[in-house]
Structures are given as structure tokens and as C-alpha cells.
Amino acid sequence: MGVHAPEMPIEVDDQTGVWTTDALPMLYVPRHFFVNNHMGIEDEIGAERYAGILYKAGYKSAYFWCEQEAECHGISGADVWHHYLKRLSQRGWGLFITEELDIEKGTAKVRLENSAFVYHYEKIHGKKVNRKVDYMFTGWFAGALDQIAEAQGLAVRTKAEQTQCAAEEGCDVGYFEVTPL
């Protein structure tokens with residue numbers, strides 16, 4: 001297994017210590033810290049309720065991110081989508097691969113390999129937990145696609161769903177599908 005330095009620009013403000021990538025403030029935290037907090041909230045309020053909360057917040061965040069990145073880099077359409085998935089992958093959430101994308105129709109299919117959540121859940125439990133644990137990502141794809149479509153003057157609005165997770169028996173990768181509302 002080879003390793004390499006991060007492939008995205010990271011700047012740290014000398015006075016504030018704030019990390020930025022492409023002029024957006026970022027946080028750099030250990031994966032176990034983040035996922036343990038995630039699991040703690042899930043234990044308290046339940047995965048289904050937590051998934052609903054994260055969907056709305058993730059949608060809003062992805063929409064904002066795509067809007068800012070499109071402006072920062074002077075990109076639009078599918079270029080924004082691919083840039084978004086590239087940056088998600090570069091940040092260690094997992095490897096996000098676009099299998100299908102049709103902005104005009106409001107559809108997409110994303111494969112997720114090496115999910116940070118699947119890795120941590122399996123490490124903690126010593127086996128597959130046989131449920132979808134990547135639900136934090138779901139709203140991201142609808143938010144991204146809706147921002148890109150709206151920026152192109154398209155009226156389509158979408159919803160996203162995780163259809164498969166590598167934490168489920170018999171599955172090696174996760175899948176998310178985006179469809180029109």
C-alpha cells in the first residue's frame with residue numbers, strides 16, 4: 001500500500017490557526033473522534049432520526065459548498081459535481097465514484113469504496129454491522145445536484161437515498177442514488 005501527501009491546497013492562517021481549502025474554512029480531526037461522536041449521537045436519538053437531521057444539514061452544506069467552489073474555480077455543471085466528489089474523496093471520507101450523472105434529469109448514481117464509517121464500525125464491532133452506516137453522506141448528493149441544476153436554470157429538484165452499504169453482509173461497496181422529487 002502506497003501513501004502520498006494530500007492533493008488539495010491547505011492553508012493555515014498564522015494568526016488564527018484556521019485551515020482553509022479553496023478559501024473555505026476547514027476542520028482537521030482524527031477519524032475516530034468524529035465517528036465516535038457520530039455513534040454517540042446515534043445511540044442517544046437513534047439512527048433513523050439522526051439520518052433525517054444529517055440529511056437536511058448535509059443537503060444545505062453541499063449546496064453551499066458547490067455554490068462557493070463553482071465561483072472560486074470558475075466551473076459549472078458536471079465539473080462542479082466531479083470536483084465535489086474528488087474533494088470528498090481527498091478528505092478521507094472514502095472514495096466516491098460517479099457511475100451515472102444526468103443533471104437535466106436530476107439523476108446520479110455514486111459508488112462509495114473504503115468508507116470511513118464502515119471502516120470504524122467494523123473496527124469497533126469486529127465484523128459487518130449489517131446496516132447502512134453511511135447515511136451522513138446521503139443529503140450531500142441531492143444538495144450538490146440541486147445547486148448545480150439551479151445554477152444552470154433547471155427546475156429539477158432531487159432526493160437521494162443510500163441503496164447499499166459495505167457494512168451490510170454480501171456488500172463490498174456502498175451505493176447512493178439521486179432521483180427527481
# chains A, B, ... in the order shown; residues from 1 in each chain; ligands from 1
>>> residues_around(residues="Arg157 in chain A", least_positions_apart="5", cutoff="9 Å", atoms="only C-alpha atoms", output="list in words")
Gly106, Ala142, Leu145, Asp146, Ala149, Glu150, Thr179, Pro180 and Leu181 of chain A
>>> write_last_selection(atoms="all heavy atoms", output="compact mmCIF listing (two decimals), in the first residue's frame")
# COMPACT_ATOMS: atom_id res chain seq x y z
N GLY A 106 -31.90 15.12 -13.31
CA GLY A 106 -31.82 15.09 -11.85
C GLY A 106 -31.51 13.71 -11.32
O GLY A 106 -32.05 13.28 -10.30
N ALA A 142 -27.93 15.07 -3.09
CA ALA A 142 -29.09 15.84 -3.55
C ALA A 142 -28.78 17.34 -3.49
O ALA A 142 -29.13 18.09 -4.41
CB ALA A 142 -30.32 15.51 -2.70
N LEU A 145 -26.42 18.19 -6.43
CA LEU A 145 -27.08 18.14 -7.74
C LEU A 145 -28.10 19.28 -7.89
O LEU A 145 -28.20 19.89 -8.95
CB LEU A 145 -27.75 16.78 -7.95
CG LEU A 145 -28.19 16.46 -9.38
CD1 LEU A 145 -27.07 16.66 -10.39
CD2 LEU A 145 -28.71 15.05 -9.46
N ASP A 146 -28.82 19.59 -6.82
CA ASP A 146 -29.80 20.68 -6.90
C ASP A 146 -29.12 22.03 -7.13
O ASP A 146 -29.61 22.86 -7.90
CB ASP A 146 -30.65 20.74 -5.64
CG ASP A 146 -31.73 19.67 -5.61
OD1 ASP A 146 -31.81 18.85 -6.54
OD2 ASP A 146 -32.49 19.65 -4.62
N ALA A 149 -27.95 22.10 -10.80
CA ALA A 149 -29.09 22.24 -11.70
C ALA A 149 -29.65 23.66 -11.64
O ALA A 149 -29.93 24.27 -12.69
CB ALA A 149 -30.18 21.22 -11.34
N GLU A 150 -29.82 24.18 -10.45
CA GLU A 150 -30.36 25.54 -10.31
C GLU A 150 -29.45 26.56 -10.96
O GLU A 150 -29.92 27.50 -11.61
CB GLU A 150 -30.57 25.88 -8.84
CG GLU A 150 -31.26 27.22 -8.64
CD GLU A 150 -31.57 27.50 -7.19
OE1 GLU A 150 -32.18 26.64 -6.53
OE2 GLU A 150 -31.21 28.61 -6.73
N THR A 179 -32.55 10.90 -7.43
CA THR A 179 -33.66 10.87 -8.36
C THR A 179 -34.48 12.16 -8.18
O THR A 179 -34.41 12.80 -7.14
CB THR A 179 -34.58 9.65 -8.13
OG1 THR A 179 -35.01 9.65 -6.76
CG2 THR A 179 -33.86 8.35 -8.43
N PRO A 180 -35.29 12.52 -9.19
CA PRO A 180 -36.13 13.72 -9.05
C PRO A 180 -37.18 13.54 -7.96
O PRO A 180 -37.63 12.42 -7.70
CB PRO A 180 -36.79 13.85 -10.41
CG PRO A 180 -36.01 12.99 -11.34
CD PRO A 180 -35.41 11.90 -10.51
N LEU A 181 -37.55 14.64 -7.34
CA LEU A 181 -38.65 14.61 -6.35
C LEU A 181 -39.96 14.28 -7.02
O LEU A 181 -40.19 14.58 -8.16
CB LEU A 181 -38.78 15.97 -5.65
CG LEU A 181 -37.72 16.30 -4.62
CD1 LEU A 181 -37.89 17.72 -4.12
CD2 LEU A 181 -37.82 15.34 -3.44
>>> residues_around(residues="range 28-39 of chain A", least_positions_apart="3", cutoff="7 Å", atoms="only C-alpha atoms", output="ChimeraX atom specification")
/A:42-43,117
>>> write_last_selection(atoms="N, CA and C atoms", output="PDB file, in the first residue's frame")
ATOM      1  N   GLU A  42     -26.009   8.779  17.578  1.00  0.00           N
ATOM      2  CA  GLU A  42     -26.868   7.704  17.070  1.00  0.00           C
ATOM      3  C   GLU A  42     -27.417   6.858  18.226  1.00  0.00           C
ATOM      4  N   ASP A  43     -26.571   6.545  19.200  1.00  0.00           N
ATOM      5  CA  ASP A  43     -27.012   5.760  20.353  1.00  0.00           C
ATOM      6  C   ASP A  43     -28.089   6.478  21.163  1.00  0.00           C
ATOM      7  N   PHE A 117     -16.829   5.456   7.712  1.00  0.00           N
ATOM      8  CA  PHE A 117     -17.800   4.930   8.670  1.00  0.00           C
ATOM      9  C   PHE A 117     -17.760   3.408   8.719  1.00  0.00           C
TER      10      PHE A 117
END
>>> select_by_dssp(residues="range 81-165 of chain A", states="strand (DSSP E)", output="list of chain:residue names")
A:Leu95, A:Phe96, A:Ile97, A:Thr98, A:Glu99, A:Glu100, A:Leu101, A:Asp102, A:Thr107, A:Ala108, A:Lys109, A:Val110, A:Arg111, A:Leu112, A:Glu113, A:Thr158, A:Lys159, A:Ala160, A:Glu161, A:Gln162, A:Thr163, A:Gln164
>>> atom_distance(atom1="CA of Tyr55 in chain A", atom2="CA of Arg87 in chain A")
19.1 Å
>>> closest_residue(among="A:Asp22, A:Glu48, A:Glu122, A:Glu100", to="Phe176 in chain A", atoms="only C-alpha atoms")
A:Glu100
>>> select_by_dssp(residues="range 5-87 of chain A", states="alpha helix (DSSP H)", output="ChimeraX atom specification")
/A:31-45,47-73,78-87
>>> residues_around(residues="Lys109 in chain A", least_positions_apart="4", cutoff="10 Å", atoms="only C-alpha atoms", output="PyMOL selection string")
chain A and resi 97-102+141+160-163+175-179
>>> write_last_selection(atoms="C-alpha atoms", output="short mmCIF file (atom, residue, chain, number, x, y, z; two decimals), in the first residue's frame")
data_model
loop_
_atom_site.label_atom_id
_atom_site.label_comp_id
_atom_site.auth_asym_id
_atom_site.auth_seq_id
_atom_site.Cartn_x
_atom_site.Cartn_y
_atom_site.Cartn_z
CA ILE A 97 -17.03 7.35 -7.83
CA THR A 98 -19.68 8.73 -10.15
CA GLU A 99 -21.23 5.85 -12.09
CA GLU A 100 -24.09 7.86 -13.58
CA LEU A 101 -24.87 11.58 -13.79
CA ASP A 102 -27.62 13.39 -15.72
CA PHE A 141 -25.62 14.30 -3.24
CA ALA A 160 -31.06 10.95 -2.53
CA GLU A 161 -31.05 7.52 -0.94
CA GLN A 162 -28.36 5.09 0.11
CA THR A 163 -29.29 1.81 -1.55
CA TYR A 175 -24.26 2.99 -3.44
CA PHE A 176 -26.28 6.20 -3.42
CA GLU A 177 -28.92 7.10 -5.97
CA VAL A 178 -30.26 10.56 -6.70
CA THR A 179 -33.66 10.87 -8.36
#
